[in-house]
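Data file: work_13.tsv. Format and content: TSV, C-alpha atoms.
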chain	number	residue	atom	x	y	z
A	1	MET	CA	0.00	0.00	0.00
A	2	GLN	CA	2.72	2.41	0.98
A	3	ASP	CA	4.67	1.57	-2.16
A	4	ASP	CA	1.63	2.24	-4.28
A	5	ARG	CA	1.23	5.69	-2.83
A	6	ASP	CA	4.88	6.54	-3.33
A	7	ALA	CA	4.70	5.28	-6.88
A	8	PHE	CA	1.73	7.51	-7.56
A	9	ALA	CA	3.46	10.54	-6.04
A	10	LYS	CA	6.49	9.80	-8.18
A	11	ARG	CA	4.47	9.45	-11.36
A	12	LEU	CA	2.59	12.63	-10.53
A	13	ALA	CA	5.84	14.51	-9.98
A	14	GLU	CA	7.19	13.18	-13.28
A	15	ALA	CA	4.05	14.14	-15.13
A	16	ARG	CA	4.09	17.61	-13.60
A	17	ALA	CA	7.75	18.06	-14.50
A	18	ARG	CA	7.06	16.88	-18.07
A	19	SER	CA	4.32	19.39	-18.66
A	20	GLY	CA	6.26	22.10	-16.86
A	21	LEU	CA	3.69	22.59	-14.12
A	22	ASP	CA	6.20	22.76	-11.32
A	23	LYS	CA	8.06	25.71	-12.71
A	24	PRO	CA	5.72	28.47	-11.56
A	25	ASP	CA	5.65	26.86	-8.15
A	26	LYS	CA	9.36	27.46	-7.70
A	27	ALA	CA	9.80	30.76	-9.47
A	28	GLY	CA	6.48	32.47	-8.89
A	29	GLY	CA	5.65	31.28	-5.41
A	30	LYS	CA	6.44	34.68	-3.98
A	31	PRO	CA	6.54	37.47	-6.53
A	32	GLY	CA	9.70	39.44	-6.01
A	33	PRO	CA	9.72	43.19	-6.36
A	34	SER	CA	9.50	44.30	-9.96
A	35	PRO	CA	12.61	46.05	-11.30
A	36	TRP	CA	10.57	49.20	-11.89
A	37	GLY	CA	9.22	49.25	-8.37
A	38	PHE	CA	12.65	48.63	-6.95
A	39	GLY	CA	14.17	51.41	-9.04
A	40	MET	CA	11.45	53.84	-7.97
A	41	ARG	CA	12.05	52.92	-4.37
A	42	ALA	CA	15.79	53.47	-4.62
A	43	GLY	CA	15.24	56.81	-6.35
A	44	LEU	CA	12.75	57.87	-3.71
A	45	GLU	CA	15.22	57.03	-0.94
A	46	VAL	CA	17.86	59.28	-2.50
A	47	VAL	CA	15.43	62.13	-3.17
A	48	SER	CA	13.93	62.07	0.33
A	49	ALA	CA	17.37	62.14	1.94
A	50	LEU	CA	18.30	65.04	-0.34
A	51	ILE	CA	15.12	66.89	0.64
A	52	VAL	CA	15.99	66.54	4.33
A	53	GLY	CA	19.61	67.60	3.75
A	54	VAL	CA	18.65	70.63	1.69
A	55	ALA	CA	15.96	71.62	4.19
A	56	ILE	CA	18.38	71.44	7.12
A	57	GLY	CA	21.07	73.37	5.24
A	58	PHE	CA	18.63	76.01	4.08
A	59	GLY	CA	17.16	76.44	7.55
A	60	LEU	CA	20.56	76.70	9.24
A	61	ASP	CA	21.73	79.20	6.64
A	62	ARG	CA	18.70	81.41	7.18
A	63	TRP	CA	19.19	81.22	10.92
A	64	LEU	CA	22.95	81.84	10.96
A	65	GLY	CA	23.15	83.98	7.85
A	66	THR	CA	25.89	81.92	6.23
A	67	TRP	CA	24.26	81.39	2.85
A	68	PRO	CA	25.25	79.32	0.86
A	69	TRP	CA	27.90	77.39	2.77
A	70	LEU	CA	25.82	75.22	5.11
A	71	PHE	CA	23.38	74.61	2.28
A	72	LEU	CA	26.19	73.21	0.14
A	73	LEU	CA	27.55	71.16	3.04
A	74	PHE	CA	24.21	69.61	3.89
A	75	PHE	CA	23.43	69.00	0.24
A	76	VAL	CA	26.49	66.71	0.18
A	77	VAL	CA	25.46	65.18	3.50
A	78	GLY	CA	21.98	64.53	2.12
A	79	ALA	CA	23.42	62.89	-0.97
A	80	ALA	CA	25.61	60.67	1.19
A	81	ALA	CA	22.60	59.75	3.33
A	82	GLY	CA	20.66	58.91	0.19
A	83	ILE	CA	23.40	56.59	-0.99
A	84	MET	CA	23.44	55.06	2.49
A	85	ASN	CA	19.67	54.47	2.24
A	86	VAL	CA	20.07	52.72	-1.10
A	87	TYR	CA	22.93	50.65	0.29
A	88	ARG	CA	20.68	49.55	3.15
A	89	LEU	CA	18.00	48.69	0.61
A	90	PHE	CA	20.38	46.28	-1.10
A	91	THR	CA	21.85	44.64	1.99
A	92	PRO	CA	19.58	41.71	2.78
A	93	ARG	CA	17.71	41.94	6.04
A	94	THR	CA	17.74	38.72	8.02
A	95	GLY	CA	14.46	39.37	9.77
A	96	VAL	CA	14.53	39.28	13.54
A	97	ARG	CA	17.91	38.82	15.11
A	98	ARG	CA	17.89	37.17	18.49
A	99	ASP	CA	20.87	38.75	20.15
B	1	MET	CA	-17.10	67.52	-15.95
B	2	ALA	CA	-14.61	65.41	-17.87
B	3	ALA	CA	-13.68	67.39	-20.95
B	4	GLU	CA	-14.62	71.01	-20.83
B	5	GLY	CA	-13.23	72.97	-23.72
B	6	ASN	CA	-11.04	70.03	-24.77
B	7	ALA	CA	-8.84	70.39	-21.71
B	8	ILE	CA	-7.88	67.47	-19.53
B	9	ASP	CA	-8.53	68.42	-15.95
B	10	ALA	CA	-6.71	65.62	-14.18
B	11	LEU	CA	-5.96	67.45	-10.94
B	12	GLY	CA	-9.40	68.90	-10.22
B	13	GLN	CA	-10.37	65.69	-8.46
B	14	PHE	CA	-7.90	66.43	-5.66
B	15	GLU	CA	-9.39	69.81	-4.84
B	16	LEU	CA	-10.69	70.16	-1.33
B	17	LYS	CA	-14.22	71.40	-0.88
B	18	THR	CA	-16.12	71.82	2.33
B	19	ALA	CA	-18.68	69.18	3.11
B	20	LEU	CA	-21.84	69.06	5.22
B	21	GLY	CA	-23.22	72.39	4.05
B	22	PRO	CA	-22.83	75.65	6.01
B	23	ILE	CA	-21.78	73.89	9.23
B	24	GLY	CA	-18.84	72.22	7.49
B	25	ALA	CA	-17.95	75.43	5.67
B	26	SER	CA	-17.75	77.40	8.90
B	27	VAL	CA	-15.25	75.00	10.49
B	28	GLY	CA	-13.37	74.02	7.31
B	29	PHE	CA	-14.63	70.46	7.37
B	30	THR	CA	-13.70	69.06	3.95
B	31	GLN	CA	-14.84	66.04	2.00
B	32	SER	CA	-11.42	64.57	2.80
B	33	ASN	CA	-12.26	64.64	6.51
B	34	LEU	CA	-15.67	63.21	5.75
B	35	HIS	CA	-14.08	60.27	3.97
B	36	MET	CA	-11.65	59.72	6.84
B	37	ILE	CA	-14.56	59.49	9.26
B	38	PHE	CA	-16.39	57.27	6.80
B	39	ALA	CA	-13.36	54.96	6.57
B	40	ALA	CA	-13.04	54.83	10.35
B	41	VAL	CA	-16.75	54.04	10.75
B	42	LEU	CA	-16.50	51.35	8.06
B	43	ILE	CA	-13.49	49.73	9.74
B	44	VAL	CA	-15.05	49.72	13.19
B	45	GLY	CA	-18.37	48.55	11.78
B	46	PHE	CA	-16.70	45.79	9.80
B	47	MET	CA	-14.69	44.48	12.72
B	48	VAL	CA	-17.56	44.70	15.21
B	49	TYR	CA	-20.09	43.16	12.84
B	50	ALA	CA	-17.73	40.39	11.69
B	51	MET	CA	-16.74	39.37	15.20
B	52	GLN	CA	-20.21	39.72	16.69
B	53	ARG	CA	-20.93	36.01	16.70
B	54	ALA	CA	-17.31	34.89	17.18
B	55	ALA	CA	-18.34	31.46	15.94
B	56	MET	CA	-16.06	28.46	16.17
B	57	VAL	CA	-16.55	27.89	12.45
B	58	PRO	CA	-16.25	31.39	11.00
B	59	GLY	CA	-18.63	32.71	8.40
B	60	ARG	CA	-17.54	34.82	5.43
B	61	MET	CA	-17.21	38.13	7.23
B	62	GLN	CA	-15.61	36.57	10.28
B	63	SER	CA	-12.97	34.77	8.26
B	64	LEU	CA	-12.23	38.01	6.41
B	65	ALA	CA	-11.75	39.82	9.71
B	66	GLU	CA	-9.63	36.97	11.07
B	67	ALA	CA	-7.56	36.89	7.89
B	68	THR	CA	-6.70	40.61	8.15
B	69	TYR	CA	-5.98	40.19	11.85
B	70	GLY	CA	-3.74	37.18	11.25
B	71	PHE	CA	-2.02	38.90	8.32
B	72	ILE	CA	-0.91	41.88	10.42
B	73	ASP	CA	-0.24	39.70	13.46
B	74	SER	CA	2.21	37.50	11.55
B	75	MET	CA	3.80	40.58	9.96
B	76	VAL	CA	4.37	42.18	13.35
B	77	LEU	CA	5.70	38.94	14.82
B	78	SER	CA	8.08	38.19	11.97
B	79	GLN	CA	9.37	41.74	11.60
B	80	ILE	CA	9.61	42.98	15.18
B	81	GLY	CA	9.66	39.73	17.15
B	82	PRO	CA	7.63	38.54	20.12
B	83	GLU	CA	8.12	41.84	21.96
B	84	GLY	CA	6.47	43.59	19.02
B	85	ARG	CA	3.02	42.28	19.96
B	86	ARG	CA	2.26	45.44	21.88
B	87	PHE	CA	2.56	47.45	18.68
B	88	PHE	CA	-0.04	45.30	16.96
B	89	PRO	CA	-2.99	47.67	17.62
B	90	PHE	CA	-1.04	50.59	16.16
B	91	VAL	CA	0.10	48.77	13.02
B	92	PHE	CA	-3.32	47.22	12.49
B	93	THR	CA	-5.09	50.57	12.80
B	94	LEU	CA	-2.63	52.21	10.44
B	95	PHE	CA	-2.93	49.43	7.87
B	96	MET	CA	-6.72	49.36	7.93
B	97	PHE	CA	-7.03	53.13	7.75
B	98	ILE	CA	-4.74	53.38	4.73
B	99	LEU	CA	-6.25	50.32	3.06
B	100	PHE	CA	-9.79	51.62	3.46
B	101	GLY	CA	-8.73	55.10	2.38
B	102	ASN	CA	-7.11	53.74	-0.78
B	103	MET	CA	-10.00	51.42	-1.58
B	104	LEU	CA	-12.72	54.01	-0.87
B	105	GLY	CA	-11.06	56.32	-3.36
B	106	LEU	CA	-11.75	53.87	-6.16
B	107	PHE	CA	-15.50	54.25	-5.85
B	108	PRO	CA	-17.23	56.78	-8.09
B	109	TYR	CA	-17.76	60.21	-6.48
B	110	ALA	CA	-15.48	59.21	-3.61
B	111	PHE	CA	-12.44	61.16	-2.53
B	112	THR	CA	-9.03	59.56	-1.90
B	113	PHE	CA	-7.67	61.18	1.23
B	114	THR	CA	-4.38	59.26	0.89
B	115	SER	CA	-3.67	61.20	-2.33
B	116	HIS	CA	-2.80	64.30	-0.28
B	117	ILE	CA	0.75	64.65	0.94
B	118	THR	CA	-0.41	66.42	4.10
B	119	VAL	CA	-2.44	63.36	5.13
B	120	THR	CA	0.28	60.80	4.34
B	121	PHE	CA	2.96	63.00	5.89
B	122	ALA	CA	0.92	63.33	9.07
B	123	LEU	CA	0.59	59.54	9.20
B	124	ALA	CA	4.32	59.14	8.58
B	125	MET	CA	5.14	61.68	11.28
B	126	ILE	CA	3.02	59.72	13.76
B	127	VAL	CA	5.15	56.69	12.92
B	128	PHE	CA	8.36	58.72	13.14
B	129	VAL	CA	7.51	60.24	16.52
B	130	LEU	CA	6.47	56.82	17.81
B	131	ILE	CA	9.66	55.02	16.73
B	132	THR	CA	11.82	57.80	18.19
B	133	ALA	CA	9.87	57.81	21.46
B	134	VAL	CA	9.97	54.01	21.71
B	135	ALA	CA	13.72	53.95	21.09
B	136	ILE	CA	14.39	56.66	23.70
B	137	VAL	CA	12.10	55.07	26.30
B	138	LEU	CA	13.58	51.60	25.80
B	139	HIS	CA	17.23	52.53	25.41
B	140	GLY	CA	17.62	55.98	26.97
B	141	LYS	CA	20.89	57.62	26.06
B	142	LYS	CA	22.02	54.57	24.08
B	143	PHE	CA	19.57	55.65	21.39
B	144	PHE	CA	22.01	58.35	20.31
B	145	GLY	CA	24.62	55.68	19.76
B	146	TYR	CA	22.38	54.55	16.91
B	147	PHE	CA	23.82	57.36	14.82
B	148	MET	CA	27.39	56.13	15.32
B	149	PRO	CA	27.85	52.53	14.12
B	150	GLU	CA	30.07	50.38	16.28
B	151	GLY	CA	33.53	49.73	14.96
B	152	ALA	CA	33.71	52.90	12.90
B	153	PRO	CA	36.86	54.93	13.57
B	154	MET	CA	36.34	57.90	15.87
B	155	TRP	CA	37.76	60.48	13.48
B	156	LEU	CA	34.98	59.66	11.02
B	157	ALA	CA	32.31	60.65	13.55
B	158	PRO	CA	31.84	64.22	12.23
B	159	VAL	CA	31.02	62.72	8.82
B	160	ILE	CA	29.01	59.68	9.86
B	161	ILE	CA	26.77	61.27	12.49
B	162	PRO	CA	25.23	63.99	10.25
B	163	VAL	CA	24.78	61.47	7.45
B	164	GLU	CA	23.06	59.01	9.79
B	165	ILE	CA	20.83	61.71	11.25
B	166	VAL	CA	19.77	62.88	7.80
B	167	SER	CA	19.19	59.27	6.76
B	168	TYR	CA	17.03	58.74	9.85
B	169	MET	CA	15.05	61.90	9.21
B	170	SER	CA	14.45	60.96	5.58
B	171	ARG	CA	12.26	58.06	6.73
B	172	PRO	CA	8.99	59.95	7.14
B	173	ILE	CA	9.58	61.73	3.82
B	174	SER	CA	10.10	58.56	1.81
B	175	LEU	CA	7.26	56.83	3.66
B	176	SER	CA	4.75	59.59	2.95
B	177	VAL	CA	5.88	60.41	-0.60
B	178	ARG	CA	5.65	56.76	-1.64
B	179	LEU	CA	2.00	56.42	-0.60
B	180	PHE	CA	0.97	59.85	-1.83
B	181	ALA	CA	2.72	59.54	-5.21
B	182	ASN	CA	1.29	56.10	-5.90
B	183	MET	CA	-2.27	57.09	-5.11
B	184	MET	CA	-2.10	60.39	-6.93
B	185	ALA	CA	-0.43	58.95	-10.06
B	186	GLY	CA	-3.04	56.20	-10.26
B	187	HIS	CA	-5.95	58.60	-10.00
B	188	VAL	CA	-4.45	61.02	-12.50
B	189	MET	CA	-4.03	58.19	-15.00
B	190	LEU	CA	-7.60	57.03	-14.46
B	191	LYS	CA	-8.86	60.55	-15.01
B	192	VAL	CA	-6.74	61.13	-18.12
B	193	PHE	CA	-7.93	57.95	-19.82
B	194	ALA	CA	-11.51	58.56	-18.74
B	195	THR	CA	-11.26	61.97	-20.41
B	196	PHE	CA	-9.95	60.29	-23.56
B	197	VAL	CA	-13.08	58.12	-23.60
B	198	VAL	CA	-15.31	61.18	-23.62
B	199	MET	CA	-13.16	63.15	-26.08
B	200	LEU	CA	-12.92	60.29	-28.58
B	201	ALA	CA	-16.61	59.50	-28.30
B	202	GLY	CA	-17.41	62.94	-29.63
B	203	LEU	CA	-15.30	62.41	-32.75
B	204	GLY	CA	-18.07	61.76	-35.28
B	205	ALA	CA	-19.05	58.33	-36.55
B	206	VAL	CA	-15.89	56.37	-35.69
B	207	GLY	CA	-15.54	58.04	-32.29
B	208	PRO	CA	-17.53	55.58	-30.19
B	209	PHE	CA	-15.48	52.68	-31.58
B	210	LEU	CA	-12.17	54.44	-30.95
B	211	SER	CA	-13.18	55.28	-27.41
B	212	ILE	CA	-13.37	51.59	-26.59
B	213	MET	CA	-9.57	51.51	-26.45
B	214	PRO	CA	-9.09	53.94	-23.53
B	215	LEU	CA	-12.15	52.42	-21.89
B	216	ALA	CA	-10.56	48.96	-21.97
B	217	LEU	CA	-7.34	50.45	-20.66
B	218	ASN	CA	-9.23	52.11	-17.84
B	219	ILE	CA	-10.84	48.83	-16.83
B	220	ALA	CA	-7.39	47.27	-16.60
B	221	LEU	CA	-6.16	50.32	-14.70
B	222	VAL	CA	-8.93	50.01	-12.11
B	223	ALA	CA	-7.88	46.42	-11.46
B	224	PHE	CA	-4.29	47.58	-11.18
B	225	GLU	CA	-5.33	50.34	-8.80
B	226	VAL	CA	-6.98	47.80	-6.51
B	227	LEU	CA	-3.64	46.00	-6.38
B	228	VAL	CA	-1.77	49.26	-5.74
B	229	ALA	CA	-4.25	50.24	-3.02
B	230	PHE	CA	-3.59	47.03	-1.14
B	231	LEU	CA	0.14	46.99	-1.86
B	232	GLN	CA	0.73	50.53	-0.64
B	233	ALA	CA	-1.15	49.88	2.60
B	234	TYR	CA	0.97	46.75	3.00
B	235	VAL	CA	4.22	48.61	2.26
B	236	PHE	CA	3.34	51.35	4.75
B	237	ALA	CA	2.57	48.77	7.43
B	238	ILE	CA	5.65	46.65	6.83
B	239	LEU	CA	7.98	49.68	6.79
B	240	THR	CA	6.43	50.78	10.06
B	241	CYS	CA	7.22	47.31	11.41
B	242	ILE	CA	10.81	47.49	10.15
B	243	TYR	CA	11.29	50.91	11.77
B	244	LEU	CA	9.76	49.61	15.00
B	245	HIS	CA	12.17	46.70	14.86
B	246	ASP	CA	15.04	49.16	14.60
B	247	ALA	CA	13.62	51.10	17.54
B	248	VAL	CA	13.17	48.03	19.72
B	249	HIS	CA	16.46	46.33	18.89
B	250	LEU	CA	18.42	49.49	18.01
B	251	HIS	CA	20.28	48.15	14.99
Using the file provided, produce a representation of the structure as structure tokens.
Amino acid sequence: MQDDRDAFAKRLAEARARSGLDKPDKAGGKPGPSPWGFGMRAGLEVVSALIVGVAIGFGLDRWLGTWPWLFLLFFVVGAAAGIMNVYRLFTPRTGVRRD
Amino acid sequence: MAAEGNAIDALGQFELKTALGPIGASVGFTQSNLHMIFAAVLIVGFMVYAMQRAAMVPGRMQSLAEATYGFIDSMVLSQIGPEGRRFFPFVFTLFMFILFGNMLGLFPYAFTFTSHITVTFALAMIVFVLITAVAIVLHGKKFFGYFMPEGAPMWLAPVIIPVEIVSYMSRPISLSVRLFANMMAGHVMLKVFATFVVMLAGLGAVGPFLSIMPLALNIALVAFEVLVAFLQAYVFAILTCIYLHDAVHLH
């Protein structure tokens, strides 16, 4: 009886492999992020960091009257933060770390 | 309404108008606020009605409510960890509010309150203030060590700390702009193609047949917008969970 069941499972697996039914199970089980969506996300991370950097620089300059030096400095800082954000986007997160 | 003087008015749908007659006008109560209240009432009504019987074998509504509950519960558990359970009410409320706001906007004559940056930015700031408060309450002064990664040389601190602070502060911006841009772009596209339908239909004898093309595209777009509405609520919720994880574990 047990052999029969195994044999059937084997034949089913073979038949599925022959007609290519198993492929979407492996590849499309969990749809990964589309390249477009991922690109938009990366771009958004850079732009939002730039917005924050420019806003801080602009505000400090208006307060201290040092236009345009702090603006330029924080523009670079914002760009660096944006690149950092994108770098974090690419480094795989390992979920919850128990440490 | 759609094509007046052959102009495509794609942004008129986002205009705020006061609702509820003279009472609403006097206090600046807009249709956006009305839809927020409507969404809140719908969510509460849905959850209360679905869980009224709390049957052992759930009916349709109850299994829907349990599915959304379980969906957010497993997200919170897997992203934040067991200690993240106490943030479940917050994440669940946020997810349902955004989901219902996005979905409500797809109905005719409805207003999408998540297509306004002020609304999404306010939601993102709530998240930002919460994650900062949680991190400071849980870790005290050690929270400020978050901006200086361990192992980095000390002389790099003047460079790393501003960059990390700006990176941290960019979180609410990217969170709010993502939701707002997605919702607004979708509704602008729907409006533009809907205007094409009307404009082409008025093009003599062949017009009605030509206008089938943008109409078909719009039907596909509506289906796509349903996906986007769910996906953006999901993305907002999961990013909130990731930020809460950072706040709880400080890494």
Residues of chain A that have any atom at most 9 Å from an atom of chain B: could you tabulate them with the shortest-distance atom pair and the distance in Å to one decimal, using all atoms listed in the file, ordered by chain and increasing number, as a Markdown table?
| residue | atom | partner | partner_atom | distance |
| --- | --- | --- | --- | --- |
| A:Arg41 | CA | B:Arg178 | CA | 7.9 |
| A:Leu44 | CA | B:Ser174 | CA | 6.2 |
| A:Glu45 | CA | B:Ser174 | CA | 6.0 |
| A:Val46 | CA | B:Ser174 | CA | 8.9 |
| A:Val47 | CA | B:Ser174 | CA | 8.1 |
| A:Ser48 | CA | B:Ser170 | CA | 5.4 |
| A:Ala49 | CA | B:Ser170 | CA | 4.8 |
| A:Leu50 | CA | B:Ser170 | CA | 8.2 |
| A:Ile51 | CA | B:Ser170 | CA | 7.7 |
| A:Val52 | CA | B:Ser170 | CA | 5.9 |
| A:Gly53 | CA | B:Val166 | CA | 6.2 |
| A:Ile56 | CA | B:Val166 | CA | 8.7 |
| A:Phe74 | CA | B:Pro162 | CA | 8.5 |
| A:Val77 | CA | B:Val163 | CA | 5.5 |
| A:Gly78 | CA | B:Val166 | CA | 6.3 |
| A:Ala79 | CA | B:Val163 | CA | 8.6 |
| A:Ala80 | CA | B:Val163 | CA | 6.4 |
| A:Ala81 | CA | B:Ser167 | CA | 4.9 |
| A:Gly82 | CA | B:Ser167 | CA | 6.7 |
| A:Met84 | CA | B:Ser167 | CA | 7.3 |
| A:Asn85 | CA | B:Ser167 | CA | 6.6 |
| A:Gly95 | CA | B:Gln79 | CA | 5.9 |
| A:Val96 | CA | B:Gln79 | CA | 6.0 |
| A:Arg97 | CA | B:His249 | CA | 8.5 |
| A:Arg98 | CA | B:Gly81 | CA | 8.7 |
| A:Asp99 | CA | B:His249 | CA | 8.9 |
One decimal place gives the CA of Met96 (chain B)-CA of Pro58 (chain B) separation as 20.6 Å
For a quick check of understanding, using only C-alpha atoms, which of B:Ala223, B:Phe236, B:Leu190, B:Ala54 has the smallest distance to Leu123 (chain B)?
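Closest to Leu123 (chain B) of all the choices is B:Phe236.
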Select, from B:Met61, B:Ile131, B:Ala201, B:Met184, the residue with the minimum atom-to-atom distance to Ile117 (chain B), counting all atoms listed in the file.
B:Met184
